[in-house]
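Structure data follow from my_file.cif (mmCIF, N, CA and C atoms):
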```cif
data_structure
loop_
_atom_site.label_atom_id
_atom_site.label_comp_id
_atom_site.auth_asym_id
_atom_site.auth_seq_id
_atom_site.Cartn_x
_atom_site.Cartn_y
_atom_site.Cartn_z
N MET A 5 5.94 40.69 50.61
CA MET A 5 4.94 39.69 50.31
C MET A 5 5.55 38.32 50.63
N PRO A 6 4.83 37.50 51.40
CA PRO A 6 5.37 36.18 51.75
C PRO A 6 5.52 35.29 50.50
N LEU A 7 6.43 34.35 50.59
CA LEU A 7 6.76 33.47 49.47
C LEU A 7 5.55 32.68 48.99
N LEU A 8 4.78 32.14 49.91
CA LEU A 8 3.61 31.35 49.54
C LEU A 8 2.60 32.20 48.77
N HIS A 9 2.43 33.43 49.19
CA HIS A 9 1.51 34.33 48.52
C HIS A 9 2.00 34.65 47.10
N ARG A 10 3.31 34.88 46.93
CA ARG A 10 3.87 35.15 45.60
C ARG A 10 3.68 33.95 44.67
N LEU A 11 3.90 32.75 45.18
CA LEU A 11 3.70 31.54 44.37
C LEU A 11 2.25 31.41 43.94
N ALA A 12 1.32 31.69 44.83
CA ALA A 12 -0.10 31.59 44.50
C ALA A 12 -0.48 32.60 43.43
N VAL A 13 0.02 33.83 43.55
CA VAL A 13 -0.28 34.86 42.56
C VAL A 13 0.34 34.49 41.21
N THR A 14 1.57 34.02 41.20
CA THR A 14 2.23 33.61 39.96
C THR A 14 1.47 32.48 39.28
N ALA A 15 1.05 31.49 40.05
CA ALA A 15 0.30 30.36 39.49
C ALA A 15 -1.03 30.83 38.92
N ALA A 16 -1.71 31.73 39.60
CA ALA A 16 -3.00 32.24 39.12
C ALA A 16 -2.82 33.02 37.83
N LEU A 17 -1.79 33.87 37.77
CA LEU A 17 -1.55 34.65 36.55
C LEU A 17 -1.15 33.76 35.38
N THR A 18 -0.33 32.75 35.63
CA THR A 18 0.09 31.81 34.59
C THR A 18 -1.11 31.04 34.06
N THR A 19 -1.98 30.58 34.94
CA THR A 19 -3.18 29.84 34.52
C THR A 19 -4.09 30.73 33.69
N ALA A 20 -4.28 31.98 34.12
CA ALA A 20 -5.14 32.91 33.38
C ALA A 20 -4.55 33.21 32.00
N ALA A 21 -3.25 33.40 31.92
CA ALA A 21 -2.61 33.69 30.64
C ALA A 21 -2.72 32.50 29.70
N THR A 22 -2.52 31.31 30.23
CA THR A 22 -2.62 30.10 29.41
C THR A 22 -4.03 29.91 28.92
N ALA A 23 -5.01 30.09 29.78
CA ALA A 23 -6.41 29.93 29.39
C ALA A 23 -6.79 30.97 28.35
N GLY A 24 -6.30 32.18 28.49
CA GLY A 24 -6.59 33.23 27.53
C GLY A 24 -5.99 32.94 26.18
N ALA A 25 -4.81 32.37 26.17
CA ALA A 25 -4.15 32.04 24.90
C ALA A 25 -4.85 30.90 24.19
N LEU A 26 -5.42 29.97 24.96
CA LEU A 26 -6.08 28.81 24.36
C LEU A 26 -7.52 29.09 23.99
N ALA A 27 -8.13 30.09 24.56
CA ALA A 27 -9.55 30.35 24.32
C ALA A 27 -9.88 30.52 22.85
N PRO A 28 -9.14 31.33 22.08
CA PRO A 28 -9.49 31.45 20.67
C PRO A 28 -9.36 30.13 19.92
N ALA A 29 -8.37 29.32 20.23
CA ALA A 29 -8.19 28.03 19.55
C ALA A 29 -9.35 27.10 19.86
N ALA A 30 -9.83 27.13 21.11
CA ALA A 30 -10.93 26.25 21.49
C ALA A 30 -12.22 26.69 20.82
N ALA A 31 -12.36 27.98 20.55
CA ALA A 31 -13.57 28.48 19.92
C ALA A 31 -13.57 28.28 18.42
N THR A 32 -12.40 28.01 17.82
CA THR A 32 -12.30 27.80 16.38
C THR A 32 -12.82 26.41 16.04
N PRO A 33 -13.71 26.29 15.07
CA PRO A 33 -14.22 24.95 14.73
C PRO A 33 -13.14 24.10 14.08
N LEU A 34 -13.25 22.81 14.25
CA LEU A 34 -12.31 21.87 13.63
C LEU A 34 -12.54 21.83 12.12
N PRO A 35 -11.49 21.62 11.33
CA PRO A 35 -11.68 21.54 9.88
C PRO A 35 -12.45 20.28 9.51
N LEU A 36 -13.18 20.35 8.43
CA LEU A 36 -13.91 19.19 7.95
C LEU A 36 -12.93 18.19 7.34
N PRO A 37 -13.28 16.90 7.33
CA PRO A 37 -12.39 15.93 6.69
C PRO A 37 -12.24 16.25 5.21
N LEU A 38 -11.09 15.89 4.66
CA LEU A 38 -10.84 16.11 3.24
C LEU A 38 -11.80 15.25 2.43
N PRO A 39 -12.25 15.72 1.29
CA PRO A 39 -13.14 14.90 0.47
C PRO A 39 -12.39 13.69 -0.08
N PHE A 40 -13.10 12.61 -0.27
CA PHE A 40 -12.51 11.40 -0.82
C PHE A 40 -12.18 11.63 -2.29
N ASP A 41 -10.93 11.44 -2.66
CA ASP A 41 -10.52 11.70 -4.04
C ASP A 41 -10.35 10.43 -4.86
N GLY A 42 -10.55 9.28 -4.26
CA GLY A 42 -10.42 8.02 -4.98
C GLY A 42 -8.99 7.53 -5.10
N GLU A 43 -8.00 8.39 -4.86
CA GLU A 43 -6.61 8.00 -5.00
C GLU A 43 -6.10 7.22 -3.80
N SER A 44 -6.77 7.31 -2.67
CA SER A 44 -6.28 6.61 -1.50
C SER A 44 -6.94 5.23 -1.36
N ALA A 45 -7.83 4.88 -2.28
CA ALA A 45 -8.50 3.59 -2.24
C ALA A 45 -7.54 2.49 -2.66
N ASP A 46 -7.93 1.25 -2.39
CA ASP A 46 -7.13 0.11 -2.80
C ASP A 46 -7.41 -0.14 -4.29
N ARG A 47 -6.59 0.48 -5.13
CA ARG A 47 -6.77 0.41 -6.58
C ARG A 47 -5.40 0.19 -7.21
N LEU A 48 -5.31 -0.85 -8.04
CA LEU A 48 -4.05 -1.20 -8.69
C LEU A 48 -4.26 -1.35 -10.19
N VAL A 49 -3.24 -0.97 -10.94
CA VAL A 49 -3.20 -1.22 -12.38
C VAL A 49 -2.12 -2.27 -12.59
N ILE A 50 -2.50 -3.39 -13.19
CA ILE A 50 -1.59 -4.52 -13.37
C ILE A 50 -1.34 -4.71 -14.86
N THR A 51 -0.08 -4.66 -15.26
CA THR A 51 0.30 -4.87 -16.66
C THR A 51 1.23 -6.06 -16.72
N VAL A 52 0.82 -7.09 -17.45
CA VAL A 52 1.62 -8.30 -17.61
C VAL A 52 2.00 -8.40 -19.08
N SER A 53 3.28 -8.68 -19.33
CA SER A 53 3.73 -8.78 -20.72
C SER A 53 4.80 -9.86 -20.85
N GLU A 54 5.18 -10.12 -22.09
CA GLU A 54 6.22 -11.10 -22.42
C GLU A 54 5.90 -12.50 -21.88
N THR A 55 4.61 -12.84 -21.86
CA THR A 55 4.24 -14.16 -21.34
C THR A 55 4.40 -15.25 -22.37
N GLY A 56 4.54 -14.87 -23.63
CA GLY A 56 4.66 -15.87 -24.69
C GLY A 56 3.32 -16.19 -25.32
N LYS A 57 2.22 -15.74 -24.71
CA LYS A 57 0.88 -15.96 -25.26
C LYS A 57 0.16 -14.62 -25.30
N ALA A 58 -0.39 -14.31 -26.46
CA ALA A 58 -1.06 -13.02 -26.62
C ALA A 58 -2.24 -12.87 -25.67
N ASP A 59 -2.93 -13.98 -25.34
CA ASP A 59 -4.09 -13.91 -24.45
C ASP A 59 -3.72 -13.58 -23.01
N ASP A 60 -2.49 -13.87 -22.61
CA ASP A 60 -2.08 -13.66 -21.22
C ASP A 60 -1.49 -12.27 -20.98
N ALA A 61 -1.03 -11.60 -22.03
CA ALA A 61 -0.45 -10.27 -21.88
C ALA A 61 -1.58 -9.25 -21.92
N ALA A 62 -1.72 -8.47 -20.86
CA ALA A 62 -2.82 -7.51 -20.79
C ALA A 62 -2.60 -6.53 -19.65
N THR A 63 -3.47 -5.52 -19.61
CA THR A 63 -3.49 -4.57 -18.51
C THR A 63 -4.87 -4.63 -17.88
N PHE A 64 -4.89 -4.73 -16.55
CA PHE A 64 -6.14 -4.81 -15.81
C PHE A 64 -6.15 -3.75 -14.71
N VAL A 65 -7.33 -3.33 -14.34
CA VAL A 65 -7.52 -2.47 -13.17
C VAL A 65 -8.17 -3.33 -12.11
N LEU A 66 -7.62 -3.29 -10.91
CA LEU A 66 -8.15 -4.07 -9.79
C LEU A 66 -8.52 -3.12 -8.66
N ASN A 67 -9.78 -3.07 -8.32
CA ASN A 67 -10.26 -2.30 -7.17
C ASN A 67 -10.65 -3.27 -6.07
N CYS A 68 -10.25 -2.98 -4.87
CA CYS A 68 -10.64 -3.78 -3.71
C CYS A 68 -11.24 -2.85 -2.66
N HIS A 69 -12.16 -3.37 -1.90
CA HIS A 69 -12.78 -2.62 -0.78
C HIS A 69 -13.51 -1.38 -1.25
N PRO A 70 -14.46 -1.45 -2.11
CA PRO A 70 -15.18 -2.60 -2.66
C PRO A 70 -14.49 -3.17 -3.91
N THR A 71 -14.83 -4.42 -4.20
CA THR A 71 -14.24 -5.14 -5.32
C THR A 71 -14.81 -4.64 -6.65
N GLY A 72 -13.93 -4.47 -7.63
CA GLY A 72 -14.37 -4.05 -8.96
C GLY A 72 -13.19 -3.93 -9.89
N GLY A 73 -13.41 -3.25 -11.00
CA GLY A 73 -12.36 -3.06 -12.00
C GLY A 73 -12.52 -4.02 -13.16
N THR A 74 -11.47 -4.12 -13.97
CA THR A 74 -11.51 -4.96 -15.17
C THR A 74 -10.79 -6.30 -14.98
N HIS A 75 -10.23 -6.54 -13.82
CA HIS A 75 -9.54 -7.81 -13.57
C HIS A 75 -10.57 -8.94 -13.63
N PRO A 76 -10.30 -10.00 -14.40
CA PRO A 76 -11.30 -11.06 -14.56
C PRO A 76 -11.57 -11.87 -13.30
N ARG A 77 -10.66 -11.86 -12.34
CA ARG A 77 -10.89 -12.59 -11.08
C ARG A 77 -10.64 -11.63 -9.91
N ALA A 78 -11.35 -10.52 -9.94
CA ALA A 78 -11.12 -9.45 -8.97
C ALA A 78 -11.28 -9.92 -7.52
N ARG A 79 -12.35 -10.67 -7.23
CA ARG A 79 -12.58 -11.09 -5.84
C ARG A 79 -11.44 -11.98 -5.34
N ALA A 80 -10.99 -12.92 -6.16
CA ALA A 80 -9.89 -13.81 -5.76
C ALA A 80 -8.58 -13.04 -5.64
N ALA A 81 -8.36 -12.09 -6.56
CA ALA A 81 -7.13 -11.28 -6.51
C ALA A 81 -7.10 -10.42 -5.25
N CYS A 82 -8.22 -9.81 -4.91
CA CYS A 82 -8.29 -9.01 -3.68
C CYS A 82 -8.05 -9.89 -2.45
N GLY A 83 -8.60 -11.08 -2.48
CA GLY A 83 -8.38 -12.01 -1.37
C GLY A 83 -6.91 -12.39 -1.24
N GLN A 84 -6.25 -12.61 -2.36
CA GLN A 84 -4.83 -12.95 -2.34
C GLN A 84 -4.02 -11.79 -1.76
N LEU A 85 -4.34 -10.57 -2.14
CA LEU A 85 -3.64 -9.40 -1.60
C LEU A 85 -3.93 -9.21 -0.12
N ASP A 86 -5.19 -9.37 0.28
CA ASP A 86 -5.55 -9.22 1.69
C ASP A 86 -4.78 -10.22 2.56
N ALA A 87 -4.63 -11.45 2.06
CA ALA A 87 -3.93 -12.49 2.82
C ALA A 87 -2.45 -12.16 3.02
N GLN A 88 -1.87 -11.35 2.15
CA GLN A 88 -0.45 -11.03 2.24
C GLN A 88 -0.18 -9.68 2.90
N THR A 89 -1.23 -8.96 3.22
CA THR A 89 -1.06 -7.63 3.79
C THR A 89 -0.94 -7.73 5.30
N VAL A 90 0.21 -7.32 5.82
CA VAL A 90 0.51 -7.34 7.25
C VAL A 90 0.96 -5.94 7.63
N TRP A 91 0.43 -5.43 8.73
CA TRP A 91 0.78 -4.08 9.19
C TRP A 91 2.29 -3.93 9.32
N GLY A 92 2.84 -2.86 8.72
CA GLY A 92 4.25 -2.56 8.84
C GLY A 92 5.14 -3.27 7.84
N ARG A 93 4.55 -4.07 6.94
CA ARG A 93 5.35 -4.79 5.95
C ARG A 93 4.78 -4.54 4.56
N ASP A 94 5.63 -4.26 3.60
CA ASP A 94 5.20 -4.00 2.24
C ASP A 94 5.03 -5.32 1.50
N PRO A 95 3.80 -5.69 1.13
CA PRO A 95 3.63 -6.97 0.43
C PRO A 95 4.25 -6.96 -0.96
N PHE A 96 4.52 -5.78 -1.51
CA PHE A 96 5.09 -5.66 -2.85
C PHE A 96 6.60 -5.46 -2.84
N ALA A 97 7.22 -5.58 -1.68
CA ALA A 97 8.67 -5.34 -1.56
C ALA A 97 9.44 -6.24 -2.53
N PRO A 98 10.47 -5.69 -3.15
CA PRO A 98 11.27 -6.52 -4.06
C PRO A 98 12.11 -7.54 -3.29
N VAL A 99 12.64 -8.49 -4.02
CA VAL A 99 13.54 -9.48 -3.43
C VAL A 99 14.79 -8.75 -2.95
N SER A 100 15.25 -9.08 -1.77
CA SER A 100 16.45 -8.44 -1.22
C SER A 100 17.66 -8.75 -2.11
N PRO A 101 18.52 -7.76 -2.32
CA PRO A 101 19.73 -8.01 -3.12
C PRO A 101 20.66 -9.04 -2.46
N ASP A 102 20.52 -9.24 -1.16
CA ASP A 102 21.35 -10.21 -0.43
C ASP A 102 20.75 -11.61 -0.42
N ALA A 103 19.58 -11.80 -1.03
CA ALA A 103 18.90 -13.11 -0.99
C ALA A 103 19.69 -14.15 -1.78
N MET A 104 19.73 -15.36 -1.27
CA MET A 104 20.35 -16.49 -1.95
C MET A 104 19.26 -17.16 -2.78
N CYS A 105 19.34 -17.06 -4.09
CA CYS A 105 18.29 -17.55 -4.98
C CYS A 105 18.82 -18.65 -5.88
N THR A 106 17.95 -19.60 -6.21
CA THR A 106 18.34 -20.66 -7.14
C THR A 106 18.50 -20.06 -8.53
N GLY A 107 19.30 -20.70 -9.35
CA GLY A 107 19.60 -20.20 -10.69
C GLY A 107 18.63 -20.67 -11.74
N GLN A 108 17.40 -20.98 -11.39
CA GLN A 108 16.44 -21.41 -12.39
C GLN A 108 15.83 -20.20 -13.11
N TYR A 109 15.34 -20.42 -14.30
CA TYR A 109 14.77 -19.36 -15.12
C TYR A 109 13.32 -19.71 -15.39
N GLY A 110 12.41 -18.80 -15.08
CA GLY A 110 10.99 -19.07 -15.24
C GLY A 110 10.37 -18.49 -16.49
N GLY A 111 11.18 -17.91 -17.38
CA GLY A 111 10.65 -17.36 -18.61
C GLY A 111 10.74 -15.85 -18.65
N PRO A 112 10.40 -15.27 -19.79
CA PRO A 112 10.58 -13.83 -19.99
C PRO A 112 9.44 -12.96 -19.46
N ALA A 113 8.42 -13.54 -18.84
CA ALA A 113 7.26 -12.75 -18.39
C ALA A 113 7.69 -11.66 -17.42
N THR A 114 7.07 -10.49 -17.58
CA THR A 114 7.29 -9.38 -16.67
C THR A 114 5.93 -8.79 -16.30
N ALA A 115 5.90 -8.10 -15.19
CA ALA A 115 4.67 -7.44 -14.77
C ALA A 115 5.02 -6.18 -14.00
N ARG A 116 4.12 -5.23 -14.07
CA ARG A 116 4.25 -4.00 -13.29
C ARG A 116 2.92 -3.75 -12.60
N VAL A 117 3.00 -3.40 -11.32
CA VAL A 117 1.81 -3.10 -10.53
C VAL A 117 1.98 -1.69 -9.98
N THR A 118 1.03 -0.81 -10.28
CA THR A 118 1.07 0.56 -9.79
C THR A 118 -0.28 0.90 -9.16
N GLY A 119 -0.29 1.91 -8.33
CA GLY A 119 -1.53 2.37 -7.71
C GLY A 119 -1.37 2.59 -6.23
N HIS A 120 -2.41 2.23 -5.48
CA HIS A 120 -2.42 2.38 -4.03
C HIS A 120 -2.93 1.10 -3.39
N TRP A 121 -2.28 0.68 -2.32
CA TRP A 121 -2.74 -0.49 -1.56
C TRP A 121 -2.50 -0.21 -0.08
N ALA A 122 -3.51 -0.43 0.74
CA ALA A 122 -3.44 -0.26 2.20
C ALA A 122 -2.92 1.14 2.56
N GLY A 123 -3.35 2.14 1.80
CA GLY A 123 -2.99 3.52 2.09
C GLY A 123 -1.61 3.93 1.63
N ARG A 124 -0.93 3.07 0.89
CA ARG A 124 0.43 3.40 0.43
C ARG A 124 0.53 3.31 -1.09
N PRO A 125 1.38 4.14 -1.68
CA PRO A 125 1.57 4.03 -3.13
C PRO A 125 2.32 2.74 -3.48
N VAL A 126 2.00 2.19 -4.64
CA VAL A 126 2.64 0.96 -5.12
C VAL A 126 3.24 1.23 -6.49
N ASN A 127 4.48 0.79 -6.67
CA ASN A 127 5.15 0.82 -7.97
C ASN A 127 6.11 -0.37 -7.97
N ALA A 128 5.59 -1.54 -8.30
CA ALA A 128 6.36 -2.78 -8.18
C ALA A 128 6.56 -3.44 -9.55
N TRP A 129 7.74 -4.00 -9.73
CA TRP A 129 8.08 -4.74 -10.94
C TRP A 129 8.26 -6.21 -10.59
N PHE A 130 7.82 -7.10 -11.46
CA PHE A 130 7.95 -8.53 -11.26
C PHE A 130 8.58 -9.16 -12.50
N ASN A 131 9.36 -10.23 -12.27
CA ASN A 131 9.90 -11.03 -13.37
C ASN A 131 10.08 -12.45 -12.86
N ARG A 132 10.59 -13.32 -13.70
CA ARG A 132 10.76 -14.73 -13.32
C ARG A 132 12.19 -15.18 -13.63
N THR A 133 13.18 -14.33 -13.27
CA THR A 133 14.56 -14.58 -13.67
C THR A 133 15.34 -15.50 -12.75
N ASN A 134 14.83 -15.79 -11.57
CA ASN A 134 15.51 -16.73 -10.66
C ASN A 134 14.48 -17.30 -9.68
N GLY A 135 14.91 -18.20 -8.83
CA GLY A 135 14.00 -18.86 -7.91
C GLY A 135 13.28 -17.91 -6.96
N CYS A 136 13.96 -16.89 -6.48
CA CYS A 136 13.33 -15.91 -5.57
C CYS A 136 12.27 -15.11 -6.29
N GLU A 137 12.57 -14.67 -7.52
CA GLU A 137 11.61 -13.89 -8.29
C GLU A 137 10.40 -14.73 -8.70
N ILE A 138 10.65 -16.01 -9.00
CA ILE A 138 9.55 -16.92 -9.34
C ILE A 138 8.64 -17.09 -8.13
N ALA A 139 9.23 -17.28 -6.95
CA ALA A 139 8.43 -17.43 -5.73
C ALA A 139 7.62 -16.17 -5.45
N ARG A 140 8.24 -15.00 -5.64
CA ARG A 140 7.52 -13.73 -5.43
C ARG A 140 6.38 -13.62 -6.44
N TRP A 141 6.62 -13.96 -7.69
CA TRP A 141 5.58 -13.94 -8.72
C TRP A 141 4.43 -14.87 -8.31
N ASN A 142 4.78 -16.07 -7.84
CA ASN A 142 3.75 -17.06 -7.48
C ASN A 142 2.89 -16.59 -6.31
N ARG A 143 3.45 -15.78 -5.40
CA ARG A 143 2.65 -15.24 -4.29
C ARG A 143 1.54 -14.32 -4.81
N PHE A 144 1.72 -13.80 -6.03
CA PHE A 144 0.75 -12.92 -6.66
C PHE A 144 0.13 -13.56 -7.91
N SER A 145 0.07 -14.89 -7.94
CA SER A 145 -0.35 -15.60 -9.15
C SER A 145 -1.72 -15.18 -9.66
N VAL A 146 -2.68 -14.99 -8.80
CA VAL A 146 -4.02 -14.58 -9.23
C VAL A 146 -4.01 -13.11 -9.65
N VAL A 147 -3.32 -12.27 -8.89
CA VAL A 147 -3.24 -10.85 -9.21
C VAL A 147 -2.58 -10.65 -10.58
N LEU A 148 -1.49 -11.37 -10.83
CA LEU A 148 -0.74 -11.22 -12.08
C LEU A 148 -1.30 -12.05 -13.22
N ARG A 149 -2.37 -12.78 -12.95
CA ARG A 149 -3.04 -13.59 -13.97
C ARG A 149 -2.10 -14.62 -14.58
N THR A 150 -1.41 -15.37 -13.72
CA THR A 150 -0.57 -16.46 -14.19
C THR A 150 -1.47 -17.45 -14.93
N PRO A 151 -1.07 -17.94 -16.09
CA PRO A 151 -1.93 -18.89 -16.82
C PRO A 151 -2.39 -20.02 -15.91
N GLY A 152 -3.68 -20.29 -15.98
CA GLY A 152 -4.26 -21.33 -15.16
C GLY A 152 -4.75 -20.84 -13.81
N SER A 153 -4.49 -19.59 -13.47
CA SER A 153 -4.95 -19.11 -12.16
C SER A 153 -6.33 -18.49 -12.27
#
```

Let me see the file written as structure tokens.
Amino acid sequence: MPLLHRLAVTAALTTAATAGALAPAAATPLPLPLPFDGESADRLVITVSETGKADDAATFVLNCHPTGGTHPRARAACGQLDAQTVWGRDPFAPVSPDAMCTGQYGGPATARVTGHWAGRPVNAWFNRTNGCEIARWNRFSVVLRTPGS
């Protein structure tokens, strides 16, 4: 059998075998999308404590996209979060341990934010123990319900 003829037969058999192997997969229907469970939505639980004022220490639920929850300024808080959300960067990232921070103290206030934001889980802690932490807190002033915000 000439070489060209053998190559043609081999190619035809390979194509037929490949098509036969793929035929059942092509005939199988695609799975339906997973049902929405509410856990992947932009939903955060914000707990602020040690503010020095009983009215400022509280726990709020913040829903965004659509806006809702128990946060008293939900629309403004969602806007503040949206403005800080950049693809590939965690807006809740802690201050780097290598950061050079001023030695100022902003008070004993602490906050914890948990939930989901932009498709990712969130478990962030905030305090006001130095200049870097104060600046990070201030970036979330509406979300964390800083007095006067």

| field | Atom pair atom C of Gly83 (chain A) / CA of Asp102 (chain A): separation (Å) | value | 28.4 Å

| query | Which of these, A:Gln88, A:Ala81, A:Ala128, A:Asp94, has the shortest distance to Leu148 (chain A) once you count all atoms listed in the file? | reply |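 Distance minimum relative to Leu148 (chain A) lands on A:Ala81.
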
| query | Using only N, CA and C atoms, can you list as an NGL selection string the residues within 7 Å of (-9.2, -6.5, -4.8)? | reply | :A and (46 or 66-72 or 78-83 or 85)

| query | With distances taken over only C-alpha atoms, which of A:Thr89, A:Thr74, A:Thr63, A:Gln84 is nearest to Ser145 (chain A)? | reply |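 Smallest distance to Ser145 (chain A) is found for A:Gln84.
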
| field | CA of Gly111 (chain A) to CA of Arg132 (chain A), straight-line distance in Å | value | 5.9 Å

| query | Hey, can you check how far CA of Asn127 (chain A) sits from CA of Gly110 (chain A)? | reply |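 Between CA of Asn127 (chain A) and CA of Gly110 (chain A) the gap works out to 22.0 Å.
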
| message | Residues within 6 Å of Leu48 (chain A), please, as a list of chain:residue names. Count only N, CA and C atoms; anything in the same chain fewer than 6 positions from it doesn't count. | response |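 Within the cut-off, the hits are A:Phe64, A:Val65, A:Leu66, A:Asn67, A:Thr118, A:Gly119, A:His120.
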
| Nearest to Val117 (chain A), chosen from A:Pro98, A:Asn142, A:Trp129, A:Val147, with only N, CA and C atoms counted in the distances |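 Residue with the minimum atom-to-atom distance to Val117 (chain A): A:Trp129.
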
Expected selection from the PyMOL selection byres (((chain A and resi 109 and name CA) around 10) and name CA), given as a PDB file with N, CA and C atoms, keeping the file's coordinate frame:
```
ATOM      1  N   THR A 106      17.950 -19.600  -6.210  1.00  0.00           N
ATOM      2  CA  THR A 106      18.340 -20.660  -7.140  1.00  0.00           C
ATOM      3  C   THR A 106      18.500 -20.060  -8.530  1.00  0.00           C
ATOM      4  N   GLY A 107      19.300 -20.700  -9.350  1.00  0.00           N
ATOM      5  CA  GLY A 107      19.600 -20.200 -10.690  1.00  0.00           C
ATOM      6  C   GLY A 107      18.630 -20.670 -11.740  1.00  0.00           C
ATOM      7  N   GLN A 108      17.400 -20.980 -11.390  1.00  0.00           N
ATOM      8  CA  GLN A 108      16.440 -21.410 -12.390  1.00  0.00           C
ATOM      9  C   GLN A 108      15.830 -20.200 -13.110  1.00  0.00           C
ATOM     10  N   GLY A 110      12.410 -18.800 -15.080  1.00  0.00           N
ATOM     11  CA  GLY A 110      10.990 -19.070 -15.240  1.00  0.00           C
ATOM     12  C   GLY A 110      10.370 -18.490 -16.490  1.00  0.00           C
ATOM     13  N   GLY A 111      11.180 -17.910 -17.380  1.00  0.00           N
ATOM     14  CA  GLY A 111      10.650 -17.360 -18.610  1.00  0.00           C
ATOM     15  C   GLY A 111      10.740 -15.850 -18.650  1.00  0.00           C
ATOM     16  N   PRO A 112      10.400 -15.270 -19.790  1.00  0.00           N
ATOM     17  CA  PRO A 112      10.580 -13.830 -19.990  1.00  0.00           C
ATOM     18  C   PRO A 112       9.440 -12.960 -19.460  1.00  0.00           C
ATOM     19  N   ASN A 131       9.360 -10.230 -12.270  1.00  0.00           N
ATOM     20  CA  ASN A 131       9.900 -11.030 -13.370  1.00  0.00           C
ATOM     21  C   ASN A 131      10.080 -12.450 -12.860  1.00  0.00           C
ATOM     22  N   ARG A 132      10.590 -13.320 -13.700  1.00  0.00           N
ATOM     23  CA  ARG A 132      10.760 -14.730 -13.320  1.00  0.00           C
ATOM     24  C   ARG A 132      12.190 -15.180 -13.630  1.00  0.00           C
ATOM     25  N   THR A 133      13.180 -14.330 -13.270  1.00  0.00           N
ATOM     26  CA  THR A 133      14.560 -14.580 -13.670  1.00  0.00           C
ATOM     27  C   THR A 133      15.340 -15.500 -12.750  1.00  0.00           C
ATOM     28  N   ASN A 134      14.830 -15.790 -11.570  1.00  0.00           N
ATOM     29  CA  ASN A 134      15.510 -16.730 -10.660  1.00  0.00           C
ATOM     30  C   ASN A 134      14.480 -17.300  -9.680  1.00  0.00           C
ATOM     31  N   GLY A 135      14.910 -18.200  -8.830  1.00  0.00           N
ATOM     32  CA  GLY A 135      14.000 -18.860  -7.910  1.00  0.00           C
ATOM     33  C   GLY A 135      13.280 -17.910  -6.960  1.00  0.00           C
ATOM     34  N   GLU A 137      12.570 -14.670  -7.520  1.00  0.00           N
ATOM     35  CA  GLU A 137      11.610 -13.890  -8.290  1.00  0.00           C
ATOM     36  C   GLU A 137      10.400 -14.730  -8.700  1.00  0.00           C
ATOM     37  N   ILE A 138      10.650 -16.010  -9.000  1.00  0.00           N
ATOM     38  CA  ILE A 138       9.550 -16.920  -9.340  1.00  0.00           C
ATOM     39  C   ILE A 138       8.640 -17.090  -8.130  1.00  0.00           C
TER      40      ILE A 138
END
```

| Which residue, A:Ala115, A:Met104, A:Ala97, A:Val90, has the smallest gap to Glu54 (chain A) when you use all atoms listed in the file? |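 Nearest to Glu54 (chain A): A:Ala115.
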
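In terms of minimum interatomic distance to Pro101 (chain A), A:Cys136 ranks closest within A:Ala113, A:Val126, A:Ala87, A:Cys136, counting only C-alpha atoms.
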
| Of the candidates A:Arg47, A:Arg116, A:Val52, A:Val99, which one gets nearest to Arg140 (chain A) if we count all atoms listed in the file? |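 Smallest distance to Arg140 (chain A) is found for A:Val99.
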